[in-house]
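Novice: For reference, this is target_30.cif, and it has mmCIF, N, CA and C atoms.
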data_coords
#
loop_
_atom_site.label_atom_id
_atom_site.label_comp_id
_atom_site.auth_asym_id
_atom_site.auth_seq_id
_atom_site.Cartn_x
_atom_site.Cartn_y
_atom_site.Cartn_z
N MET A 1 106.28 76.61 140.27
CA MET A 1 106.81 77.15 141.52
C MET A 1 105.70 77.89 142.26
N GLY A 2 105.62 77.68 143.57
CA GLY A 2 104.56 78.29 144.37
C GLY A 2 104.83 79.74 144.71
N GLU A 3 103.83 80.35 145.28
CA GLU A 3 103.93 81.74 145.72
C GLU A 3 104.96 81.85 146.85
N ARG A 4 105.74 82.90 146.82
CA ARG A 4 106.78 83.11 147.84
C ARG A 4 106.15 83.61 149.14
N ARG A 5 106.68 83.09 150.24
CA ARG A 5 106.19 83.46 151.57
C ARG A 5 107.39 83.70 152.47
N THR A 6 107.30 84.73 153.31
CA THR A 6 108.35 84.99 154.30
C THR A 6 107.70 84.95 155.68
N ALA A 7 108.32 84.18 156.58
CA ALA A 7 107.79 84.03 157.93
C ALA A 7 108.86 84.33 158.96
N GLN A 8 108.43 84.91 160.07
CA GLN A 8 109.32 85.14 161.21
C GLN A 8 108.96 84.10 162.27
N LEU A 9 109.99 83.47 162.83
CA LEU A 9 109.79 82.42 163.82
C LEU A 9 110.42 82.83 165.14
N ALA A 10 109.73 82.53 166.23
CA ALA A 10 110.27 82.68 167.58
C ALA A 10 110.22 81.28 168.20
N ILE A 11 111.39 80.72 168.50
CA ILE A 11 111.49 79.34 168.96
C ILE A 11 111.97 79.35 170.40
N ARG A 12 111.21 78.69 171.28
CA ARG A 12 111.53 78.68 172.71
C ARG A 12 111.71 77.27 173.22
N GLY A 13 112.40 77.18 174.34
CA GLY A 13 112.70 75.90 174.96
C GLY A 13 114.19 75.83 175.21
N ARG A 14 114.74 74.61 175.25
CA ARG A 14 116.20 74.48 175.34
C ARG A 14 116.73 74.49 173.91
N VAL A 15 116.95 75.71 173.41
CA VAL A 15 117.31 75.88 172.00
C VAL A 15 118.62 76.65 171.81
N GLN A 16 119.28 77.00 172.91
CA GLN A 16 120.60 77.63 172.80
C GLN A 16 121.64 76.70 173.42
N GLY A 17 122.81 76.66 172.81
CA GLY A 17 123.87 75.78 173.30
C GLY A 17 123.69 74.33 172.88
N VAL A 18 122.79 74.09 171.94
CA VAL A 18 122.51 72.72 171.49
C VAL A 18 122.66 72.59 169.96
N GLY A 19 123.22 73.61 169.31
CA GLY A 19 123.41 73.56 167.87
C GLY A 19 122.17 73.88 167.06
N TYR A 20 121.19 74.52 167.69
CA TYR A 20 119.93 74.79 166.99
C TYR A 20 120.11 75.71 165.79
N ARG A 21 120.87 76.80 165.96
CA ARG A 21 121.05 77.74 164.84
C ARG A 21 121.72 77.08 163.65
N ALA A 22 122.79 76.33 163.91
CA ALA A 22 123.49 75.64 162.82
C ALA A 22 122.58 74.62 162.16
N TRP A 23 121.80 73.90 162.96
CA TRP A 23 120.87 72.91 162.41
C TRP A 23 119.82 73.59 161.53
N LEU A 24 119.24 74.69 162.02
CA LEU A 24 118.21 75.39 161.25
C LEU A 24 118.81 75.94 159.94
N ALA A 25 120.00 76.51 160.01
CA ALA A 25 120.66 77.03 158.81
C ALA A 25 120.89 75.91 157.80
N GLU A 26 121.34 74.75 158.27
CA GLU A 26 121.58 73.61 157.38
C GLU A 26 120.27 73.15 156.72
N GLN A 27 119.21 73.07 157.50
CA GLN A 27 117.90 72.67 156.96
C GLN A 27 117.45 73.66 155.89
N ALA A 28 117.58 74.96 156.18
CA ALA A 28 117.14 75.99 155.24
C ALA A 28 117.94 75.95 153.95
N VAL A 29 119.25 75.77 154.05
CA VAL A 29 120.10 75.71 152.86
C VAL A 29 119.73 74.48 152.02
N GLN A 30 119.53 73.34 152.67
CA GLN A 30 119.14 72.12 151.95
C GLN A 30 117.83 72.32 151.20
N ASP A 31 116.91 73.13 151.77
CA ASP A 31 115.61 73.36 151.15
C ASP A 31 115.63 74.52 150.16
N GLY A 32 116.79 75.21 150.04
CA GLY A 32 116.89 76.34 149.12
C GLY A 32 116.17 77.59 149.62
N LEU A 33 116.02 77.71 150.95
CA LEU A 33 115.34 78.88 151.53
C LEU A 33 116.33 80.01 151.77
N ASP A 34 115.84 81.22 151.74
CA ASP A 34 116.62 82.41 152.09
C ASP A 34 116.23 82.83 153.49
N GLY A 35 117.13 83.59 154.15
CA GLY A 35 116.79 84.14 155.46
C GLY A 35 117.96 84.16 156.41
N TRP A 36 117.63 84.15 157.70
CA TRP A 36 118.64 84.21 158.74
C TRP A 36 118.10 83.63 160.05
N VAL A 37 119.04 83.35 160.96
CA VAL A 37 118.70 82.84 162.29
C VAL A 37 119.66 83.46 163.29
N ARG A 38 119.19 83.71 164.52
CA ARG A 38 120.05 84.23 165.57
C ARG A 38 119.50 83.86 166.94
N ASN A 39 120.40 83.83 167.93
CA ASN A 39 119.98 83.68 169.32
C ASN A 39 119.51 85.03 169.82
N ARG A 40 118.60 84.99 170.79
CA ARG A 40 118.16 86.22 171.46
C ARG A 40 118.59 86.15 172.92
N SER A 41 118.79 87.29 173.51
CA SER A 41 119.28 87.33 174.89
C SER A 41 118.30 86.72 175.89
N ASP A 42 117.03 86.55 175.50
CA ASP A 42 116.04 85.94 176.41
C ASP A 42 116.07 84.41 176.36
N GLY A 43 117.02 83.84 175.61
CA GLY A 43 117.15 82.38 175.54
C GLY A 43 116.43 81.74 174.37
N SER A 44 115.71 82.53 173.59
CA SER A 44 115.00 81.99 172.43
C SER A 44 115.87 82.09 171.18
N VAL A 45 115.38 81.50 170.11
CA VAL A 45 116.01 81.61 168.80
C VAL A 45 115.01 82.29 167.89
N GLU A 46 115.49 83.23 167.09
CA GLU A 46 114.63 83.96 166.15
C GLU A 46 115.13 83.67 164.74
N ALA A 47 114.19 83.51 163.81
CA ALA A 47 114.57 83.27 162.42
C ALA A 47 113.58 83.93 161.48
N VAL A 48 114.06 84.28 160.31
CA VAL A 48 113.21 84.72 159.21
C VAL A 48 113.55 83.81 158.04
N VAL A 49 112.54 83.16 157.48
CA VAL A 49 112.74 82.25 156.36
C VAL A 49 111.82 82.63 155.21
N SER A 50 112.35 82.49 153.99
CA SER A 50 111.60 82.87 152.82
C SER A 50 111.75 81.81 151.74
N GLY A 51 110.63 81.42 151.17
CA GLY A 51 110.60 80.41 150.11
C GLY A 51 109.16 80.19 149.71
N THR A 52 108.88 79.07 149.06
CA THR A 52 107.49 78.79 148.73
C THR A 52 106.74 78.46 150.01
N LYS A 53 105.43 78.61 149.97
CA LYS A 53 104.60 78.32 151.15
C LYS A 53 104.84 76.91 151.65
N VAL A 54 104.91 75.94 150.74
CA VAL A 54 105.11 74.54 151.12
C VAL A 54 106.47 74.35 151.80
N GLU A 55 107.53 74.98 151.24
CA GLU A 55 108.87 74.85 151.82
C GLU A 55 108.94 75.48 153.21
N VAL A 56 108.36 76.67 153.34
CA VAL A 56 108.38 77.36 154.63
C VAL A 56 107.61 76.56 155.68
N GLU A 57 106.43 76.07 155.32
CA GLU A 57 105.63 75.28 156.28
C GLU A 57 106.34 74.00 156.68
N ALA A 58 107.05 73.37 155.75
CA ALA A 58 107.79 72.15 156.07
C ALA A 58 108.91 72.45 157.06
N LEU A 59 109.62 73.56 156.86
CA LEU A 59 110.69 73.92 157.78
C LEU A 59 110.13 74.27 159.16
N VAL A 60 109.03 75.00 159.21
CA VAL A 60 108.40 75.34 160.49
C VAL A 60 108.04 74.06 161.24
N ALA A 61 107.51 73.08 160.55
CA ALA A 61 107.15 71.80 161.19
C ALA A 61 108.39 71.13 161.78
N ARG A 62 109.51 71.14 161.05
CA ARG A 62 110.74 70.53 161.57
C ARG A 62 111.29 71.33 162.75
N CYS A 63 111.09 72.64 162.74
CA CYS A 63 111.58 73.49 163.84
C CYS A 63 110.90 73.14 165.16
N LYS A 64 109.71 72.58 165.10
CA LYS A 64 108.99 72.21 166.32
C LYS A 64 109.64 71.02 167.02
N VAL A 65 110.50 70.32 166.31
CA VAL A 65 111.26 69.21 166.88
C VAL A 65 112.71 69.63 167.10
N GLY A 66 113.33 70.20 166.07
CA GLY A 66 114.71 70.69 166.16
C GLY A 66 115.73 69.59 166.13
N PRO A 67 116.98 69.94 166.40
CA PRO A 67 118.04 68.93 166.44
C PRO A 67 117.88 68.03 167.67
N ARG A 68 118.58 66.93 167.66
CA ARG A 68 118.45 65.91 168.71
C ARG A 68 118.61 66.45 170.12
N SER A 69 119.55 67.38 170.36
CA SER A 69 119.81 67.88 171.71
C SER A 69 118.81 68.92 172.20
N ALA A 70 118.02 69.46 171.30
CA ALA A 70 117.08 70.54 171.66
C ALA A 70 115.82 69.98 172.29
N VAL A 71 115.19 70.83 173.11
CA VAL A 71 113.86 70.55 173.64
C VAL A 71 113.02 71.79 173.32
N VAL A 72 112.22 71.69 172.27
CA VAL A 72 111.43 72.83 171.80
C VAL A 72 110.10 72.84 172.53
N SER A 73 109.79 73.97 173.18
CA SER A 73 108.52 74.07 173.90
C SER A 73 107.49 74.86 173.10
N ASP A 74 107.95 75.75 172.20
CA ASP A 74 107.00 76.58 171.46
C ASP A 74 107.66 77.15 170.21
N VAL A 75 106.91 77.19 169.13
CA VAL A 75 107.33 77.88 167.91
C VAL A 75 106.19 78.79 167.50
N GLN A 76 106.43 80.09 167.58
CA GLN A 76 105.43 81.07 167.14
C GLN A 76 105.84 81.57 165.76
N THR A 77 104.88 81.64 164.87
CA THR A 77 105.14 82.05 163.50
C THR A 77 104.26 83.23 163.14
N SER A 78 104.85 84.21 162.48
CA SER A 78 104.08 85.34 161.98
C SER A 78 104.61 85.70 160.60
N GLY A 79 103.78 86.39 159.83
CA GLY A 79 104.22 86.85 158.52
C GLY A 79 105.27 87.92 158.68
N SER A 80 106.07 88.11 157.66
CA SER A 80 107.12 89.13 157.69
C SER A 80 107.18 89.82 156.34
N ASP A 81 107.37 91.14 156.37
CA ASP A 81 107.55 91.91 155.14
C ASP A 81 109.02 92.08 154.80
N GLU A 82 109.89 91.53 155.64
CA GLU A 82 111.33 91.66 155.39
C GLU A 82 111.67 90.97 154.07
N ILE A 83 112.50 91.62 153.28
CA ILE A 83 112.94 91.03 152.01
C ILE A 83 114.29 90.36 152.26
N VAL A 84 114.31 89.06 152.09
CA VAL A 84 115.54 88.30 152.29
C VAL A 84 115.87 87.55 151.01
N THR A 85 117.11 87.68 150.59
CA THR A 85 117.59 87.00 149.40
C THR A 85 119.03 86.57 149.63
N ASN A 86 119.58 85.89 148.67
CA ASN A 86 121.01 85.53 148.71
C ASN A 86 121.37 84.54 149.80
N GLY A 87 120.57 83.51 149.96
CA GLY A 87 120.95 82.44 150.86
C GLY A 87 120.48 82.63 152.30
N PHE A 88 121.14 81.87 153.17
CA PHE A 88 120.73 81.82 154.58
C PHE A 88 121.97 82.02 155.43
N ASN A 89 121.87 82.84 156.48
CA ASN A 89 123.04 83.06 157.33
C ASN A 89 122.66 83.11 158.80
N ILE A 90 123.70 82.96 159.61
CA ILE A 90 123.57 83.02 161.07
C ILE A 90 124.02 84.41 161.51
N ARG A 91 123.16 85.09 162.23
CA ARG A 91 123.45 86.45 162.70
C ARG A 91 123.88 86.42 164.16
N PRO A 92 124.54 87.51 164.62
CA PRO A 92 124.93 87.59 166.03
C PRO A 92 123.72 87.68 166.96
N THR A 93 123.92 87.29 168.18
CA THR A 93 122.89 87.35 169.22
C THR A 93 122.47 88.80 169.47
N VAL A 94 121.17 88.99 169.71
CA VAL A 94 120.66 90.32 170.09
C VAL A 94 119.92 90.21 171.42
#
Re-express the file's structure as structure tokens.

Specialist:
Amino acid sequence: MGERRTAQLAIRGRVQGVGYRAWLAEQAVQDGLDGWVRNRSDGSVEAVVSGTKVEVEALVARCKVGPRSAVVSDVQTSGSDEIVTNGFNIRPTV
């Protein structure tokens, strides 16, 4: 098993109202990642994902495309010290 990594993602484009949060949560659960996803009032989607480096990087790559209805213009990734465990959930918009 690889070293654990936690990343914070800021996803921009047409990513609200297209099922992006549900899609990202489904992808994360399938990959066994922990974390959360939520819409932001500025129209972006924010997520924190935690897993092995390979798993996190694979999810970030898929986030650059997103679900079929989405049009992703940018995915910014930064490290996160947040401790996330116990699965993946969708949080309310902030």

Novice: I'd like to see the residues matched by the PyMOL selection byres (((chain A and resi 85 and name CA) around 10) and name CA) on this file, and ideally I'd get them as a PyMOL selection string.

Specialist: chain A and resi 33-36+49-51+82-84+86-88

Novice: Mind the document's chain letters and residue numbers, and return as number ranges by chain the residues of chain A that DSSP labels strand (DSSP E).

Specialist: A: 4-14, 34-39, 45-52, 71-79, 88-90

Novice: For the interface of range 13-32 of chain A with range 56-65 of chain A (cut-off 8 Å, counting all atoms listed in the file), please tabulate each contacting residue of range 13-32 of chain A alongside its nearest pair of atoms and their separation in Å to one decimal, rows sorted by chain and increasing number, as CSV.

Specialist:
residue,atom,partner,partner_atom,distance
A:Leu24,CA,A:Cys63,CA,7.4
A:Gln27,C,A:Leu59,CA,7.0
A:Ala28,N,A:Leu59,CA,7.1

Novice: Could you please write out, as a VMD selection string, every residue of chain A that DSSP assigns to helix (DSSP H, G or I)?

Specialist: chain A and resid 20 to 30 53 to 63

Novice: Residue by residue, what does the PyMOL selection byres (((chain A and resi 42 and name CA) around 12) and name CA) grab here? Present the result as a PyMOL selection string.

Specialist: chain A and resi 10-16+38-41+43-46+93-94

Novice: Taking all atoms of range 9-25 of chain A that appear in the file, build a box with edges along x, y and z, extend it by 8 Å on every side, and state its centre and edge lengths in Å to one decimal, as lines of an AutoDock Vina configuration file.

Specialist:
center_x = 116.8
center_y = 78.0
center_z = 166.6
size_x = 30.1
size_y = 26.9
size_z = 33.5
